[in-house]
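Okay, start-v3.csv now, which holds CSV, C-alpha atoms:
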```
chain,number,residue,atom,x,y,z
A,1,MET,CA,-3.7,76.9,12.2
A,2,SER,CA,-0.6,78.0,13.9
A,3,LYS,CA,0.7,76.2,17.0
A,4,LEU,CA,-0.3,79.1,19.3
A,5,SER,CA,-3.8,79.4,18.0
A,6,HIS,CA,-4.2,75.6,18.5
A,7,GLU,CA,-3.0,75.9,22.1
A,8,ILE,CA,-5.3,78.9,22.7
A,9,THR,CA,-8.3,77.0,21.3
A,10,ASN,CA,-7.5,73.9,23.4
A,11,ALA,CA,-7.3,76.0,26.5
A,12,GLY,CA,-10.8,77.4,25.9
A,13,TYR,CA,-9.7,80.9,25.0
A,14,ALA,CA,-10.7,81.0,21.4
A,15,ASP,CA,-13.5,83.6,22.0
A,16,ARG,CA,-11.7,85.6,24.7
A,17,LEU,CA,-9.3,88.5,24.8
A,18,MET,CA,-5.9,87.6,26.2
A,19,THR,CA,-3.2,89.5,28.0
A,20,ASP,CA,0.5,88.6,28.0
A,21,ARG,CA,0.1,87.0,31.4
A,22,GLN,CA,-2.8,84.8,30.2
A,23,LEU,CA,-0.8,83.8,27.1
A,24,ALA,CA,2.1,82.9,29.3
A,25,ARG,CA,-0.1,80.5,31.3
A,26,ILE,CA,-1.5,79.0,28.1
A,27,VAL,CA,1.8,78.5,26.4
A,28,GLY,CA,4.1,77.7,29.3
A,29,GLY,CA,7.9,77.5,28.8
A,30,SER,CA,10.2,80.4,28.5
A,31,SER,CA,9.3,84.0,27.5
A,32,GLN,CA,11.5,83.5,24.4
A,33,ARG,CA,9.4,80.6,23.3
A,34,ARG,CA,6.2,82.6,23.8
A,35,TYR,CA,7.6,85.5,21.9
A,36,GLY,CA,8.4,83.3,18.9
A,37,LEU,CA,4.9,81.7,19.0
A,38,VAL,CA,3.2,85.1,19.1
A,39,ASN,CA,5.2,86.5,16.3
A,40,ARG,CA,4.5,83.5,14.1
A,41,ALA,CA,0.8,83.6,14.8
A,42,LEU,CA,0.7,87.3,14.1
A,43,LYS,CA,2.5,86.8,10.7
A,44,ALA,CA,0.1,84.0,9.9
A,45,LYS,CA,-2.8,86.3,10.8
A,46,ASP,CA,-4.1,83.8,13.3
A,47,LEU,CA,-3.6,86.2,16.1
A,48,VAL,CA,-4.6,89.9,16.3
A,49,ARG,CA,-2.7,92.4,18.5
A,50,LEU,CA,-5.3,94.9,19.8
A,51,GLN,CA,-2.8,97.0,21.7
A,52,ARG,CA,0.4,96.3,23.6
A,53,GLY,CA,-0.2,93.2,25.7
A,54,LEU,CA,-3.7,92.5,24.5
A,55,TYR,CA,-4.6,89.9,21.8
A,56,MET,CA,-7.4,87.9,20.3
A,57,LEU,CA,-7.6,85.1,17.8
A,58,SER,CA,-8.6,86.2,14.3
A,59,GLY,CA,-12.2,85.7,13.1
A,60,GLN,CA,-11.7,82.3,11.4
A,61,HIS,CA,-10.8,80.8,14.8
A,62,ARG,CA,-13.6,82.3,16.8
A,63,SER,CA,-17.2,81.2,17.3
A,64,HIS,CA,-18.3,84.8,17.6
A,65,ALA,CA,-16.9,88.2,16.5
A,66,CYS,CA,-15.4,90.3,19.3
A,67,HIS,CA,-18.1,92.9,20.3
A,68,PRO,CA,-16.6,96.4,20.3
A,69,PHE,CA,-18.3,97.1,23.7
A,70,HIS,CA,-16.4,94.2,25.1
A,71,LEU,CA,-13.2,95.4,23.6
A,72,ALA,CA,-13.7,98.8,25.0
A,73,GLN,CA,-13.9,97.4,28.5
A,74,ASN,CA,-10.7,95.5,28.0
A,75,LEU,CA,-8.8,98.5,26.5
A,76,LEU,CA,-9.6,100.6,29.6
A,77,PRO,CA,-10.9,98.4,32.4
A,78,GLY,CA,-13.3,100.3,34.7
A,79,SER,CA,-15.0,102.2,31.8
A,80,TYR,CA,-18.5,101.8,30.5
A,81,VAL,CA,-20.1,102.5,27.2
A,82,SER,CA,-22.3,105.6,27.0
A,83,PHE,CA,-23.2,108.8,25.1
A,84,GLU,CA,-24.6,108.3,21.5
A,85,THR,CA,-23.1,104.8,21.4
A,86,ALA,CA,-25.4,103.6,24.2
A,87,LEU,CA,-28.4,105.6,23.0
A,88,SER,CA,-28.1,104.0,19.6
A,89,TYR,CA,-27.7,100.5,21.2
A,90,HIS,CA,-30.9,101.0,23.1
A,91,GLY,CA,-32.7,102.3,20.0
A,92,TRP,CA,-33.2,105.8,21.4
A,93,ILE,CA,-31.6,107.5,18.4
A,94,PRO,CA,-32.2,106.4,14.8
A,95,GLU,CA,-28.6,106.9,13.6
A,96,SER,CA,-26.0,104.1,13.7
A,97,VAL,CA,-22.8,105.2,15.5
A,98,THR,CA,-19.4,104.3,14.2
A,99,VAL,CA,-17.4,105.3,17.3
A,100,THR,CA,-17.6,103.3,20.5
A,101,ALA,CA,-17.6,106.1,23.2
A,102,SER,CA,-17.2,105.4,26.9
A,103,VAL,CA,-16.9,107.1,30.2
A,104,LEU,CA,-13.9,106.4,32.3
A,105,PRO,CA,-13.2,107.2,36.0
A,106,THR,CA,-9.9,108.9,35.4
A,107,ARG,CA,-9.2,112.5,34.5
A,108,LYS,CA,-7.7,112.2,31.1
A,109,SER,CA,-9.5,111.5,27.8
A,110,ARG,CA,-8.2,108.7,25.6
A,111,ASP,CA,-8.6,107.8,21.9
A,112,TYR,CA,-7.8,104.5,20.3
A,113,GLU,CA,-8.2,103.3,16.8
A,114,HIS,CA,-7.7,99.8,15.4
A,115,GLU,CA,-7.9,99.0,11.7
A,116,GLU,CA,-10.2,96.0,12.2
A,117,MET,CA,-12.1,97.0,15.3
A,118,GLY,CA,-12.7,100.7,14.6
A,119,LYS,CA,-12.4,103.8,16.8
A,120,PHE,CA,-12.8,104.1,20.5
A,121,THR,CA,-13.0,107.2,22.6
A,122,PHE,CA,-12.9,107.5,26.4
A,123,HIS,CA,-14.0,110.6,28.4
A,124,PRO,CA,-13.9,111.6,32.0
A,125,LEU,CA,-16.9,113.4,33.5
A,126,ALA,CA,-17.3,115.6,36.6
A,127,MET,CA,-19.2,113.2,38.8
A,128,ASN,CA,-19.3,111.8,42.3
A,129,LYS,CA,-17.1,108.7,42.0
A,130,ILE,CA,-19.2,106.8,44.6
A,131,HIS,CA,-22.1,107.0,42.1
A,132,PHE,CA,-20.0,106.2,39.0
A,133,LEU,CA,-22.0,103.1,38.0
A,134,GLU,CA,-25.5,104.3,38.8
A,135,LEU,CA,-27.9,103.2,36.0
A,136,VAL,CA,-25.1,101.3,34.2
A,137,GLU,CA,-26.0,97.6,33.5
A,138,ARG,CA,-23.9,94.6,32.8
A,139,VAL,CA,-24.8,93.0,29.4
A,140,GLN,CA,-23.8,89.6,28.2
A,141,LEU,CA,-23.7,88.9,24.4
A,142,ASN,CA,-22.3,85.7,23.1
A,143,ARG,CA,-20.6,85.2,26.5
A,144,GLN,CA,-18.9,88.6,26.2
A,145,SER,CA,-19.4,90.9,29.2
A,146,MET,CA,-19.8,94.6,28.8
A,147,LEU,CA,-21.0,97.6,30.9
A,148,VAL,CA,-23.5,99.8,29.1
A,149,ALA,CA,-25.3,102.9,30.4
A,150,LYS,CA,-29.0,102.8,30.5
A,151,PRO,CA,-30.6,105.3,28.1
A,152,ILE,CA,-31.3,108.1,30.5
A,153,ARG,CA,-27.8,107.8,32.0
A,154,ALA,CA,-26.3,107.9,28.5
A,155,LEU,CA,-28.4,111.0,27.7
A,156,MET,CA,-27.3,112.8,30.8
A,157,ASP,CA,-23.6,111.8,30.3
A,158,LEU,CA,-23.9,113.5,26.9
A,159,VAL,CA,-25.4,116.6,28.5
A,160,CYS,CA,-22.5,116.6,31.1
A,161,LEU,CA,-19.8,116.0,28.4
A,162,ARG,CA,-21.0,118.8,26.2
A,163,LYS,CA,-22.0,121.1,29.1
A,164,ILE,CA,-25.4,121.6,27.6
A,165,GLU,CA,-27.9,124.0,29.3
A,166,TRP,CA,-31.6,123.2,29.4
A,167,GLN,CA,-33.3,124.4,26.2
A,168,GLY,CA,-36.6,122.7,26.6
A,169,LEU,CA,-37.5,119.3,25.2
A,170,ASP,CA,-36.8,120.5,21.6
A,171,TRP,CA,-33.1,119.7,21.9
A,172,ILE,CA,-33.9,116.2,22.9
A,173,VAL,CA,-36.8,115.5,20.6
A,174,LYS,CA,-35.6,117.5,17.5
A,175,GLY,CA,-31.9,117.7,18.1
A,176,LEU,CA,-31.2,114.2,19.1
A,177,ARG,CA,-34.4,112.8,17.5
A,178,ILE,CA,-35.3,110.9,20.7
A,179,ASP,CA,-39.0,110.1,20.4
A,180,TRP,CA,-41.7,110.7,23.0
A,181,GLU,CA,-42.3,107.0,23.6
A,182,SER,CA,-38.7,106.6,24.8
A,183,LEU,CA,-38.9,109.7,27.0
A,184,ALA,CA,-42.1,108.4,28.5
A,185,SER,CA,-40.2,105.4,29.9
A,186,VAL,CA,-38.1,107.6,32.1
A,187,THR,CA,-39.0,107.5,35.8
A,188,LYS,CA,-38.7,110.0,38.6
A,189,ALA,CA,-36.7,107.5,40.5
A,190,GLU,CA,-34.1,107.4,37.7
A,191,LEU,CA,-33.8,111.2,37.7
A,192,ASN,CA,-33.5,111.3,41.5
A,193,THR,CA,-30.7,108.8,41.2
A,194,LEU,CA,-28.9,110.8,38.6
A,195,LYS,CA,-29.1,114.0,40.7
A,196,GLN,CA,-26.6,112.3,43.0
A,197,VAL,CA,-24.2,111.5,40.1
A,198,TYR,CA,-23.1,114.7,38.6
A,199,LYS,CA,-21.2,117.7,40.1
A,200,GLN,CA,-22.0,120.3,37.4
A,201,LYS,CA,-24.8,122.7,38.4
A,202,LYS,CA,-25.9,122.8,34.7
A,203,VAL,CA,-26.6,119.1,34.7
A,204,LYS,CA,-28.5,119.2,38.0
A,205,THR,CA,-30.6,122.0,36.6
A,206,PHE,CA,-31.2,120.1,33.4
A,207,LEU,CA,-32.4,117.1,35.4
A,208,MET,CA,-34.8,119.3,37.4
A,209,GLU,CA,-36.2,120.9,34.2
A,210,LEU,CA,-36.5,117.5,32.5
A,211,GLU,CA,-38.5,116.2,35.5
A,212,LEU,CA,-40.9,119.2,35.2
A,213,ALA,CA,-41.2,118.9,31.4
A,214,LEU,CA,-42.1,115.2,31.7
A,215,GLU,CA,-44.5,115.9,34.5
A,216,LEU,CA,-43.1,113.2,36.7
A,217,HIS,CA,-44.5,112.9,40.2
A,218,ASP,CA,-43.7,110.8,43.2
A,219,ASP,CA,-45.3,107.4,43.1
```
Show the structure stored in the file as structure tokens.
Amino acid sequence: MSKLSHEITNAGYADRLMTDRQLARIVGGSSQRRYGLVNRALKAKDLVRLQRGLYMLSGQHRSHACHPFHLAQNLLPGSYVSFETALSYHGWIPESVTVTASVLPTRKSRDYEHEEMGKFTFHPLAMNKIHFLELVERVQLNRQSMLVAKPIRALMDLVCLRKIEWQGLDWIVKGLRIDWESLASVTKAELNTLKQVYKQKKVKTFLMELELALELHDD
């Protein structure tokens, strides 16, 4: 174990992602000393650089692997996991998803790929920013925090991203292979909430048609 990984572990950061500022607090001393310790730990493969200014200890020094959803939140703070990634996570679609796809509140899409952690994509959507986190929940896995869209929010984010017009339930059931049992869990309250989220007329129409197709009524 390198000196830096030992100091990180003693500081209680073994399972956490770390910024340059956090490393400075852990290591102390001059920036030159920190730079030397970081380089030696990287060469020893005790430390992994995820992007400029963001690090984690390698797997042999961690109690739990870094979850890609947790990493996504640290790559672009303020984003949340959605689209097919969240649908797969919730078991709404049968396929496993290799890309961690997120929504971010800015106007520019971003892509990121790491040889160990995989591929990450970030997409802006035309939505009312005040409702950005509606039907998005905070999940804790192995003490790692992450924001994940609930299934119906992930589905409508996908509709918004792809600018999909209502085509009946076939696109959902046959195209995405979302089963009826999952759709039956959707509530009118959730759809009403989502009507406040999106700006696109196509998405609002999709929500109204989905409500009719599911025969949802006021409680």
Pick from A:Ala213, A:Leu161, A:Met56, A:Ile178 nearest to Ser5 (chain A), counting only C-alpha atoms: A:Met56
So that I can check the surroundings of Ser182 (chain A), please list as a VMD selection string every protein, DNA and RNA residue that reaches within 9 Å of it, counting only C-alpha atoms and ignoring chain neighbours fewer than 4 positions away. chain A and resid 91 to 92 151 178 186
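With CA of Ala14 (chain A) on one side and CA of Ser145 (chain A) on the other, the separation reads 15.3 Å.
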Could you state the separation of CA of Leu17 (chain A) and CA of Val99 (chain A) in Å, given to one decimal place? 20.1 Å
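Between Val48 (chain A) and the candidates A:Val103, A:Ala72, A:Met18, A:Leu135, the tightest atom-to-atom separation, counting all atoms listed in the file, involves A:Met18.
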Provide the CA of Gly168 (chain A) to CA of Lys150 (chain A) distance in Å, to one decimal place. 21.7 Å
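Minimum atom-to-atom distances from A:Arg62, A:Arg52, A:Lys43, A:Lys163 to Tyr13 (chain A) were compared using all atoms listed in the file, and the lowest value belongs to A:Arg62.
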Quick one: residues within 12 Å of Arg21 (chain A), all atoms listed in the file counted, chain neighbours fewer than 2 positions away excluded, as an NGL selection string? :A and (17-19 or 23-28 or 31 or 34 or 53-55)
Write out, as a PDB file, keeping the file's coordinate frame, the residues just selected, with C-alpha atoms.
```
ATOM      1  CA  LEU A  17      -9.300  88.500  24.800  1.00  0.00           C
ATOM      2  CA  MET A  18      -5.900  87.600  26.200  1.00  0.00           C
ATOM      3  CA  THR A  19      -3.200  89.500  28.000  1.00  0.00           C
ATOM      4  CA  LEU A  23      -0.800  83.800  27.100  1.00  0.00           C
ATOM      5  CA  ALA A  24       2.100  82.900  29.300  1.00  0.00           C
ATOM      6  CA  ARG A  25      -0.100  80.500  31.300  1.00  0.00           C
ATOM      7  CA  ILE A  26      -1.500  79.000  28.100  1.00  0.00           C
ATOM      8  CA  VAL A  27       1.800  78.500  26.400  1.00  0.00           C
ATOM      9  CA  GLY A  28       4.100  77.700  29.300  1.00  0.00           C
ATOM     10  CA  SER A  31       9.300  84.000  27.500  1.00  0.00           C
ATOM     11  CA  ARG A  34       6.200  82.600  23.800  1.00  0.00           C
ATOM     12  CA  GLY A  53      -0.200  93.200  25.700  1.00  0.00           C
ATOM     13  CA  LEU A  54      -3.700  92.500  24.500  1.00  0.00           C
ATOM     14  CA  TYR A  55      -4.600  89.900  21.800  1.00  0.00           C
TER      15      TYR A  55
END
```
For a cut-off of 9 Å around (-22.6, 96.6, 31.5), file coordinates, pick out all residues using only C-alpha atoms and list them as a PyMOL selection string. chain A and resi 69+80-81+136-140+145-150
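Distances to Val159 (chain A) were evaluated for A:Arg33, A:His217, A:Lys201, A:His61 using all atoms listed in the file, and the minimum falls at A:Lys201.
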Calculated over only C-alpha atoms, which of the candidates A:Ala154, A:Leu87, A:Leu216, A:Leu133 has the smallest distance to Asn192 (chain A)? A:Leu216
Do a neighbour search on region 202-208 of chain A at 9 Å with only C-alpha atoms, toss out local chain neighbours closer than 3 positions, and write the hits as a PyMOL selection string. chain A and resi 156+159-160+163-167+191-192+194-196+198-199+211-213
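When all atoms listed in the file are used to compute distances to Arg16 (chain A), the closest of the residues A:Ser63, A:Thr100, A:Gln51, A:Gln200 turns out to be A:Ser63.
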Can you complete the atoms of region 105-116 of chain A to all heavy atoms and list them as a PDB file, keeping the file's coordinate frame?
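Generated file (result-v5.pdb):
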```
ATOM      1  N   PRO A 105     -13.253 106.497  34.673  1.00  0.00           N
ATOM      2  CA  PRO A 105     -13.200 107.200  36.000  1.00  0.00           C
ATOM      3  C   PRO A 105     -11.953 107.999  36.217  1.00  0.00           C
ATOM      4  O   PRO A 105     -11.811 108.588  37.286  1.00  0.00           O
ATOM      5  CB  PRO A 105     -13.224 105.963  36.954  1.00  0.00           C
ATOM      6  CG  PRO A 105     -12.594 104.848  36.190  1.00  0.00           C
ATOM      7  CD  PRO A 105     -12.997 105.059  34.754  1.00  0.00           C
ATOM      8  N   THR A 106     -11.061 108.071  35.261  1.00  0.00           N
ATOM      9  CA  THR A 106      -9.900 108.900  35.400  1.00  0.00           C
ATOM     10  C   THR A 106     -10.087 110.291  34.905  1.00  0.00           C
ATOM     11  O   THR A 106     -11.175 110.635  34.453  1.00  0.00           O
ATOM     12  CB  THR A 106      -8.668 108.240  34.694  1.00  0.00           C
ATOM     13  OG1 THR A 106      -8.983 108.140  33.299  1.00  0.00           O
ATOM     14  CG2 THR A 106      -8.394 106.838  35.221  1.00  0.00           C
ATOM     15  N   ARG A 107      -9.043 111.122  34.911  1.00  0.00           N
ATOM     16  CA  ARG A 107      -9.200 112.500  34.500  1.00  0.00           C
ATOM     17  C   ARG A 107      -8.765 112.846  33.122  1.00  0.00           C
ATOM     18  O   ARG A 107      -8.901 113.986  32.677  1.00  0.00           O
ATOM     19  CB  ARG A 107      -8.392 113.398  35.516  1.00  0.00           C
ATOM     20  CG  ARG A 107      -8.882 113.339  36.951  1.00  0.00           C
ATOM     21  CD  ARG A 107      -8.071 114.270  37.824  1.00  0.00           C
ATOM     22  NE  ARG A 107      -8.555 114.260  39.207  1.00  0.00           N
ATOM     23  CZ  ARG A 107      -8.049 115.005  40.171  1.00  0.00           C
ATOM     24  NH1 ARG A 107      -7.022 115.817  39.912  1.00  0.00           N
ATOM     25  NH2 ARG A 107      -8.535 114.937  41.394  1.00  0.00           N
ATOM     26  N   LYS A 108      -8.254 111.892  32.404  1.00  0.00           N
ATOM     27  CA  LYS A 108      -7.700 112.200  31.100  1.00  0.00           C
ATOM     28  C   LYS A 108      -8.429 111.421  29.989  1.00  0.00           C
ATOM     29  O   LYS A 108      -8.646 110.212  30.081  1.00  0.00           O
ATOM     30  CB  LYS A 108      -6.201 111.768  31.065  1.00  0.00           C
ATOM     31  CG  LYS A 108      -5.480 112.143  29.786  1.00  0.00           C
ATOM     32  CD  LYS A 108      -4.006 111.762  29.876  1.00  0.00           C
ATOM     33  CE  LYS A 108      -3.260 112.136  28.589  1.00  0.00           C
ATOM     34  NZ  LYS A 108      -1.818 111.751  28.657  1.00  0.00           N
ATOM     35  N   SER A 109      -8.825 112.138  28.931  1.00  0.00           N
ATOM     36  CA  SER A 109      -9.500 111.500  27.800  1.00  0.00           C
ATOM     37  C   SER A 109      -8.480 110.639  27.026  1.00  0.00           C
ATOM     38  O   SER A 109      -7.277 110.921  26.999  1.00  0.00           O
ATOM     39  CB  SER A 109     -10.060 112.564  26.844  1.00  0.00           C
ATOM     40  OG  SER A 109     -11.075 113.299  27.476  1.00  0.00           O
ATOM     41  N   ARG A 110      -9.007 109.606  26.388  1.00  0.00           N
ATOM     42  CA  ARG A 110      -8.200 108.700  25.600  1.00  0.00           C
ATOM     43  C   ARG A 110      -8.882 108.399  24.290  1.00  0.00           C
ATOM     44  O   ARG A 110     -10.100 108.255  24.256  1.00  0.00           O
ATOM     45  CB  ARG A 110      -7.910 107.406  26.357  1.00  0.00           C
ATOM     46  CG  ARG A 110      -7.153 107.560  27.672  1.00  0.00           C
ATOM     47  CD  ARG A 110      -5.665 107.640  27.465  1.00  0.00           C
ATOM     48  NE  ARG A 110      -5.140 106.431  26.869  1.00  0.00           N
ATOM     49  CZ  ARG A 110      -4.811 105.336  27.583  1.00  0.00           C
ATOM     50  NH1 ARG A 110      -4.994 105.311  28.903  1.00  0.00           N
ATOM     51  NH2 ARG A 110      -4.306 104.271  26.978  1.00  0.00           N
ATOM     52  N   ASP A 111      -8.112 108.286  23.227  1.00  0.00           N
ATOM     53  CA  ASP A 111      -8.600 107.800  21.900  1.00  0.00           C
ATOM     54  C   ASP A 111      -7.830 106.626  21.491  1.00  0.00           C
ATOM     55  O   ASP A 111      -6.624 106.527  21.752  1.00  0.00           O
ATOM     56  CB  ASP A 111      -8.506 108.936  20.873  1.00  0.00           C
ATOM     57  CG  ASP A 111      -9.448 110.100  21.119  1.00  0.00           C
ATOM     58  OD1 ASP A 111     -10.463 109.886  21.805  1.00  0.00           O
ATOM     59  OD2 ASP A 111      -9.164 111.195  20.636  1.00  0.00           O
ATOM     60  N   TYR A 112      -8.504 105.735  20.808  1.00  0.00           N
ATOM     61  CA  TYR A 112      -7.800 104.500  20.300  1.00  0.00           C
ATOM     62  C   TYR A 112      -8.490 104.125  19.012  1.00  0.00           C
ATOM     63  O   TYR A 112      -9.712 104.191  18.866  1.00  0.00           O
ATOM     64  CB  TYR A 112      -8.005 103.396  21.364  1.00  0.00           C
ATOM     65  CG  TYR A 112      -7.486 102.062  20.905  1.00  0.00           C
ATOM     66  CD1 TYR A 112      -6.137 101.737  21.008  1.00  0.00           C
ATOM     67  CD2 TYR A 112      -8.353 101.120  20.358  1.00  0.00           C
ATOM     68  CE1 TYR A 112      -5.667 100.509  20.572  1.00  0.00           C
ATOM     69  CE2 TYR A 112      -7.896  99.891  19.920  1.00  0.00           C
ATOM     70  CZ  TYR A 112      -6.556  99.584  20.034  1.00  0.00           C
ATOM     71  OH  TYR A 112      -6.098  98.374  19.594  1.00  0.00           O
ATOM     72  N   GLU A 113      -7.691 103.703  18.069  1.00  0.00           N
ATOM     73  CA  GLU A 113      -8.200 103.300  16.800  1.00  0.00           C
ATOM     74  C   GLU A 113      -7.488 102.024  16.314  1.00  0.00           C
ATOM     75  O   GLU A 113      -6.251 101.954  16.377  1.00  0.00           O
ATOM     76  CB  GLU A 113      -8.108 104.377  15.736  1.00  0.00           C
ATOM     77  CG  GLU A 113      -8.881 104.084  14.448  1.00  0.00           C
ATOM     78  CD  GLU A 113      -9.139 105.327  13.613  1.00  0.00           C
ATOM     79  OE1 GLU A 113      -8.644 106.408  13.981  1.00  0.00           O
ATOM     80  OE2 GLU A 113      -9.840 105.207  12.588  1.00  0.00           O
ATOM     81  N   HIS A 114      -8.253 101.047  15.859  1.00  0.00           N
ATOM     82  CA  HIS A 114      -7.700  99.800  15.400  1.00  0.00           C
ATOM     83  C   HIS A 114      -8.265  99.554  13.968  1.00  0.00           C
ATOM     84  O   HIS A 114      -9.466  99.740  13.740  1.00  0.00           O
ATOM     85  CB  HIS A 114      -8.051  98.633  16.294  1.00  0.00           C
ATOM     86  CG  HIS A 114      -7.356  97.353  15.969  1.00  0.00           C
ATOM     87  ND1 HIS A 114      -7.867  96.433  15.090  1.00  0.00           N
ATOM     88  CD2 HIS A 114      -6.167  96.849  16.405  1.00  0.00           C
ATOM     89  CE1 HIS A 114      -7.034  95.400  15.002  1.00  0.00           C
ATOM     90  NE2 HIS A 114      -5.997  95.634  15.790  1.00  0.00           N
ATOM     91  N   GLU A 115      -7.421  99.142  13.047  1.00  0.00           N
ATOM     92  CA  GLU A 115      -7.900  99.000  11.700  1.00  0.00           C
ATOM     93  C   GLU A 115      -8.996  98.029  11.471  1.00  0.00           C
ATOM     94  O   GLU A 115      -9.814  98.165  10.542  1.00  0.00           O
ATOM     95  CB  GLU A 115      -6.683  98.653  10.754  1.00  0.00           C
ATOM     96  CG  GLU A 115      -6.011  97.335  11.096  1.00  0.00           C
ATOM     97  CD  GLU A 115      -4.833  97.034  10.186  1.00  0.00           C
ATOM     98  OE1 GLU A 115      -4.588  97.846   9.285  1.00  0.00           O
ATOM     99  OE2 GLU A 115      -4.177  96.001  10.379  1.00  0.00           O
ATOM    100  N   GLU A 116      -9.087  97.028  12.318  1.00  0.00           N
ATOM    101  CA  GLU A 116     -10.200  96.000  12.200  1.00  0.00           C
ATOM    102  C   GLU A 116     -11.350  96.336  13.098  1.00  0.00           C
ATOM    103  O   GLU A 116     -12.498  96.141  12.706  1.00  0.00           O
ATOM    104  CB  GLU A 116      -9.624  94.637  12.541  1.00  0.00           C
ATOM    105  CG  GLU A 116      -8.598  94.103  11.546  1.00  0.00           C
ATOM    106  CD  GLU A 116      -8.169  92.696  11.898  1.00  0.00           C
ATOM    107  OE1 GLU A 116      -8.971  91.949  12.511  1.00  0.00           O
ATOM    108  OE2 GLU A 116      -7.023  92.331  11.569  1.00  0.00           O
TER     109      GLU A 116
END
```
